[in-house]
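See below for the structure under consideration.
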Amino acid sequence: MTDRMNRLLLHCGAVILSVGLCAASVPPFSIAPLGLLGLAPLAVVSARAAPGYALLLGLGFGTALNLWAFHWTVPAMIRSGSLVPPLALTLLLLLAIAHALRFAVLTVLYAWATGRGLRPWLALPAATVSAELGVPMLFPWHVGFLVGARLEWIQLAEIGGLLVVSMWVAAANGLFAQAWLRRALGWEFARPIVAAFVLVLGITAAGRTLMRHAQSRNGRAPASRVGIVQLPNEVGVLGVPSPLSNYLDETAKLLAVEPNLALVVWPEASISVPVRASELALLERELHHPSFFAGARRAAVVGCHR
């Protein structure tokens, strides 16, 4: 019983470590290299695990990670949806569990593959891509997001989409997990680590090459001037969105200084949802009023989703 309890505590610690590493790799911390290790502890403890046990590990990991990732929805639901805090927290928990199903499927597939002899560096990316293809999510979230803070590491998305990024990130995690599982074999554990560093160096070189090509292509393209109007108090961050009239006033000031803007962008929180009919009428009236543009009739104001 003691051995089983110690094993359970060790595995729970590994899951918590994976959650912490993944959380630290994305904003606001954005320590992208930790994303190459985020799934490794989970992969170590779930390798060759029984399906039910792997399901619990993945569900626990996914629920904890998504509770942290979507905590911002609670103040948004309270302020915009007028929900009482207990109901908002319940909905957050349900959202986290629903999104955790992808990680549960990922972990079960990975445990099944490693149990049949497939090495972690192959099993983990295969399970990751299968789960991301097969399990839908309300908020699209991919393993590739773990390294999003390093632009050169996500450039392969231009060629093969986010799944390619998720695949190589999962492969790197699988290599580090394989190194840990081989730690008792002497220097044999170093081979997966070297392979992981070679993989990261190759991805970095390819990403920087793609970025140089994109910069060269953009340098030859016609230039346009874009203005961004960003006021404080976004939903779920600091409070209630700034009134529409404030955005109109600030946009008029911007166009007075920069009359040749081709586009003016507002954040999504500039207009509340649902939008009152009076606000829509105000927006339409003001945007078509000649004095509002102050000579910049070609400028367009759009709401932009992040």
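Residues in the structure tokens are named by chain (A, B, ... in the order shown) and by number from 1 within that chain; ligands are numbered from 1 in the order shown.
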Using only C-alpha atoms, which residues sit within 10 Å of segment 137-139 of chain A once same-chain residues fewer than 3 positions away are excluded, as a PyMOL selection string? chain A and resi 70+95+98-102+132+134+142
From a DSSP pass on the backbone, collect the residues of segment 96-139 of chain A flagged as alpha helix (DSSP H) and hand them back as number ranges by chain. A: 96-115, 120-134
Keeping C-alpha atoms for every residue in the selection just given, could you write it to a file as a PDB file, in the first residue's frame?
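Contents of out20.pdb, freshly written:
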```pdb
ATOM      1  CA  ALA A  96     -11.839  23.120 -18.145  1.00  0.00           C
ATOM      2  CA  ILE A  97     -13.072  19.514 -17.998  1.00  0.00           C
ATOM      3  CA  ALA A  98     -14.468  19.701 -21.548  1.00  0.00           C
ATOM      4  CA  HIS A  99     -11.159  20.991 -22.871  1.00  0.00           C
ATOM      5  CA  ALA A 100      -9.276  18.399 -20.824  1.00  0.00           C
ATOM      6  CA  LEU A 101     -10.871  15.641 -22.916  1.00  0.00           C
ATOM      7  CA  ARG A 102      -8.312  16.342 -25.657  1.00  0.00           C
ATOM      8  CA  PHE A 103      -5.448  15.727 -23.239  1.00  0.00           C
ATOM      9  CA  ALA A 104      -7.200  12.635 -21.898  1.00  0.00           C
ATOM     10  CA  VAL A 105      -7.427  11.183 -25.399  1.00  0.00           C
ATOM     11  CA  LEU A 106      -3.829  12.225 -26.091  1.00  0.00           C
ATOM     12  CA  THR A 107      -2.559  10.448 -22.971  1.00  0.00           C
ATOM     13  CA  VAL A 108      -4.547   7.261 -23.625  1.00  0.00           C
ATOM     14  CA  LEU A 109      -3.273   7.056 -27.215  1.00  0.00           C
ATOM     15  CA  TYR A 110       0.286   7.718 -26.059  1.00  0.00           C
ATOM     16  CA  ALA A 111       0.105   5.061 -23.323  1.00  0.00           C
ATOM     17  CA  TRP A 112      -1.328   2.557 -25.818  1.00  0.00           C
ATOM     18  CA  ALA A 113       1.412   3.273 -28.391  1.00  0.00           C
ATOM     19  CA  THR A 114       4.281   3.086 -25.892  1.00  0.00           C
ATOM     20  CA  GLY A 115       2.813  -0.102 -24.451  1.00  0.00           C
ATOM     21  CA  PRO A 120       8.029   8.254 -26.784  1.00  0.00           C
ATOM     22  CA  TRP A 121       9.512  10.607 -29.386  1.00  0.00           C
ATOM     23  CA  LEU A 122       7.296   8.931 -31.996  1.00  0.00           C
ATOM     24  CA  ALA A 123       4.303   8.054 -29.828  1.00  0.00           C
ATOM     25  CA  LEU A 124       3.804  11.512 -28.332  1.00  0.00           C
ATOM     26  CA  PRO A 125       3.618  13.513 -31.602  1.00  0.00           C
ATOM     27  CA  ALA A 126       1.398  10.842 -33.152  1.00  0.00           C
ATOM     28  CA  ALA A 127      -0.964  10.951 -30.176  1.00  0.00           C
ATOM     29  CA  THR A 128      -0.876  14.758 -30.118  1.00  0.00           C
ATOM     30  CA  VAL A 129      -1.807  15.176 -33.779  1.00  0.00           C
ATOM     31  CA  SER A 130      -4.518  12.503 -33.522  1.00  0.00           C
ATOM     32  CA  ALA A 131      -6.065  14.171 -30.464  1.00  0.00           C
ATOM     33  CA  GLU A 132      -5.947  17.645 -31.987  1.00  0.00           C
ATOM     34  CA  LEU A 133      -7.573  16.372 -35.172  1.00  0.00           C
ATOM     35  CA  GLY A 134     -10.197  14.239 -33.463  1.00  0.00           C
TER      36      GLY A 134
END
```
Tell me, as an NGL selection string, which residues lie within 8 Å of Leu156 of chain A, counting only C-alpha atoms; anything in the same chain fewer than 4 positions away does not count. :A and (160-162 or 164-165 or 206-207)
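All residues of segment 99-263 of chain A that DSSP, run on the backbone, classes as strand (DSSP E or B) are Val226, Gly227, Ile228 and Leu263 of chain A.
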I want to know what sits within 12 Å of Cys12 of chain A, based on only C-alpha atoms, with residues of the same chain fewer than 6 positions away left out; could you give that as a PDB file with N, CA and C atoms, in the first residue's frame?
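The resulting selection26.pdb:
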```pdb
ATOM      1  N   MET A   5       0.945   4.201  -2.785  1.00  0.00           N
ATOM      2  CA  MET A   5       0.692   5.581  -2.412  1.00  0.00           C
ATOM      3  C   MET A   5       1.851   6.482  -2.840  1.00  0.00           C
ATOM      4  N   ASN A   6       3.071   6.010  -2.619  1.00  0.00           N
ATOM      5  CA  ASN A   6       4.234   6.797  -3.044  1.00  0.00           C
ATOM      6  C   ASN A   6       4.247   6.979  -4.558  1.00  0.00           C
ATOM      7  N   SER A  18       4.198  19.237 -14.973  1.00  0.00           N
ATOM      8  CA  SER A  18       3.841  19.480 -16.372  1.00  0.00           C
ATOM      9  C   SER A  18       2.942  20.707 -16.506  1.00  0.00           C
ATOM     10  N   VAL A  19       1.971  20.821 -15.610  1.00  0.00           N
ATOM     11  CA  VAL A  19       1.078  21.989 -15.641  1.00  0.00           C
ATOM     12  C   VAL A  19       1.878  23.274 -15.451  1.00  0.00           C
ATOM     13  N   PRO A  41       7.154  15.410 -18.262  1.00  0.00           N
ATOM     14  CA  PRO A  41       6.817  14.672 -17.029  1.00  0.00           C
ATOM     15  C   PRO A  41       5.547  13.833 -17.168  1.00  0.00           C
ATOM     16  N   LEU A  42       4.538  14.383 -17.834  1.00  0.00           N
ATOM     17  CA  LEU A  42       3.309  13.631 -18.068  1.00  0.00           C
ATOM     18  C   LEU A  42       3.588  12.410 -18.933  1.00  0.00           C
ATOM     19  N   VAL A  44       6.368  10.772 -19.125  1.00  0.00           N
ATOM     20  CA  VAL A  44       7.147   9.796 -18.362  1.00  0.00           C
ATOM     21  C   VAL A  44       6.222   8.905 -17.534  1.00  0.00           C
ATOM     22  N   VAL A  45       5.283   9.505 -16.810  1.00  0.00           N
ATOM     23  CA  VAL A  45       4.450   8.726 -15.892  1.00  0.00           C
ATOM     24  C   VAL A  45       3.328   7.983 -16.608  1.00  0.00           C
ATOM     25  N   SER A  46       2.984   8.403 -17.823  1.00  0.00           N
ATOM     26  CA  SER A  46       1.891   7.732 -18.538  1.00  0.00           C
ATOM     27  C   SER A  46       2.388   6.734 -19.571  1.00  0.00           C
ATOM     28  N   TYR A  53      -5.934   4.398 -16.204  1.00  0.00           N
ATOM     29  CA  TYR A  53      -5.007   5.240 -15.439  1.00  0.00           C
ATOM     30  C   TYR A  53      -4.495   6.385 -16.300  1.00  0.00           C
ATOM     31  N   LEU A  56      -7.099   9.102 -16.496  1.00  0.00           N
ATOM     32  CA  LEU A  56      -7.145   9.952 -15.307  1.00  0.00           C
ATOM     33  C   LEU A  56      -5.982  10.944 -15.285  1.00  0.00           C
ATOM     34  N   LEU A  57      -4.796  10.474 -15.672  1.00  0.00           N
ATOM     35  CA  LEU A  57      -3.642  11.380 -15.712  1.00  0.00           C
ATOM     36  C   LEU A  57      -3.875  12.524 -16.694  1.00  0.00           C
ATOM     37  N   GLY A  58      -4.337  12.188 -17.889  1.00  0.00           N
ATOM     38  CA  GLY A  58      -4.577  13.223 -18.896  1.00  0.00           C
ATOM     39  C   GLY A  58      -5.701  14.158 -18.515  1.00  0.00           C
ATOM     40  N   LEU A  59      -6.757  13.598 -17.919  1.00  0.00           N
ATOM     41  CA  LEU A  59      -7.891  14.428 -17.507  1.00  0.00           C
ATOM     42  C   LEU A  59      -7.487  15.369 -16.379  1.00  0.00           C
ATOM     43  N   GLY A  60      -6.711  14.866 -15.432  1.00  0.00           N
ATOM     44  CA  GLY A  60      -6.246  15.727 -14.335  1.00  0.00           C
ATOM     45  C   GLY A  60      -5.328  16.826 -14.833  1.00  0.00           C
ATOM     46  N   PHE A  61      -4.389  16.457 -15.698  1.00  0.00           N
ATOM     47  CA  PHE A  61      -3.487  17.458 -16.266  1.00  0.00           C
ATOM     48  C   PHE A  61      -4.254  18.513 -17.039  1.00  0.00           C
ATOM     49  N   ALA A  64      -6.467  20.878 -14.775  1.00  0.00           N
ATOM     50  CA  ALA A  64      -5.674  21.859 -14.031  1.00  0.00           C
ATOM     51  C   ALA A  64      -5.114  22.936 -14.946  1.00  0.00           C
TER      52      ALA A  64
END
```
Measure the distance from atom CA of Ala157 of chain A to atom CA of Ala196 of chain A in Å and round it to one decimal.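 Atom CA of Ala157 of chain A sits 19.6 Å away from atom CA of Ala196 of chain A.
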Which polymer residues have any atom within 10 Å of an atom of Met77 of chain A, counting only C-alpha atoms, with same-chain residues fewer than 6 positions away left out, as a PyMOL selection string? chain A and resi 83-85+87-89+91-92+235-236
Would you mind exporting the chosen residues as a short mmCIF file (atom, residue, chain, number, x, y, z; two decimals), in the first residue's frame, restricted to N, CA and C atoms?
```
data_model
loop_
_atom_site.label_atom_id
_atom_site.label_comp_id
_atom_site.auth_asym_id
_atom_site.auth_seq_id
_atom_site.Cartn_x
_atom_site.Cartn_y
_atom_site.Cartn_z
N LEU A 83 -23.52 37.04 -14.22
CA LEU A 83 -23.64 35.78 -13.50
C LEU A 83 -23.11 35.94 -12.08
N VAL A 84 -23.69 35.19 -11.16
CA VAL A 84 -23.17 35.21 -9.80
C VAL A 84 -21.87 34.41 -9.78
N PRO A 85 -20.93 34.75 -8.90
CA PRO A 85 -19.62 34.08 -8.89
C PRO A 85 -19.68 32.55 -8.81
N LEU A 87 -21.85 30.47 -10.00
CA LEU A 87 -22.23 29.94 -11.31
C LEU A 87 -21.10 30.13 -12.31
N ALA A 88 -20.43 31.28 -12.26
CA ALA A 88 -19.30 31.52 -13.16
C ALA A 88 -18.18 30.52 -12.91
N LEU A 89 -17.91 30.22 -11.65
CA LEU A 89 -16.86 29.25 -11.31
C LEU A 89 -17.25 27.84 -11.76
N LEU A 91 -19.18 27.11 -14.33
CA LEU A 91 -19.01 27.08 -15.79
C LEU A 91 -17.54 26.99 -16.17
N LEU A 92 -16.68 27.66 -15.42
CA LEU A 92 -15.23 27.55 -15.67
C LEU A 92 -14.77 26.10 -15.49
N VAL A 235 -12.77 43.94 -21.13
CA VAL A 235 -13.57 42.97 -20.38
C VAL A 235 -12.66 41.90 -19.80
N GLY A 236 -12.83 41.59 -18.53
CA GLY A 236 -12.09 40.53 -17.90
C GLY A 236 -10.68 40.90 -17.53
#
```
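Distance-wise, atom CA of Ala172 of chain A and atom CA of Pro28 of chain A end up 22.8 Å apart.
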Separation of atom CA of Gly38 of chain A from atom CA of Ala23 of chain A, in Å and rounded to one decimal: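 Distance reported for this atom pair: 8.4 Å.
Closest approach to Arg225 of chain A among A:Val264, A:Ala256, A:Ser245, A:Arg212: A:Val264, based on only C-alpha atoms.
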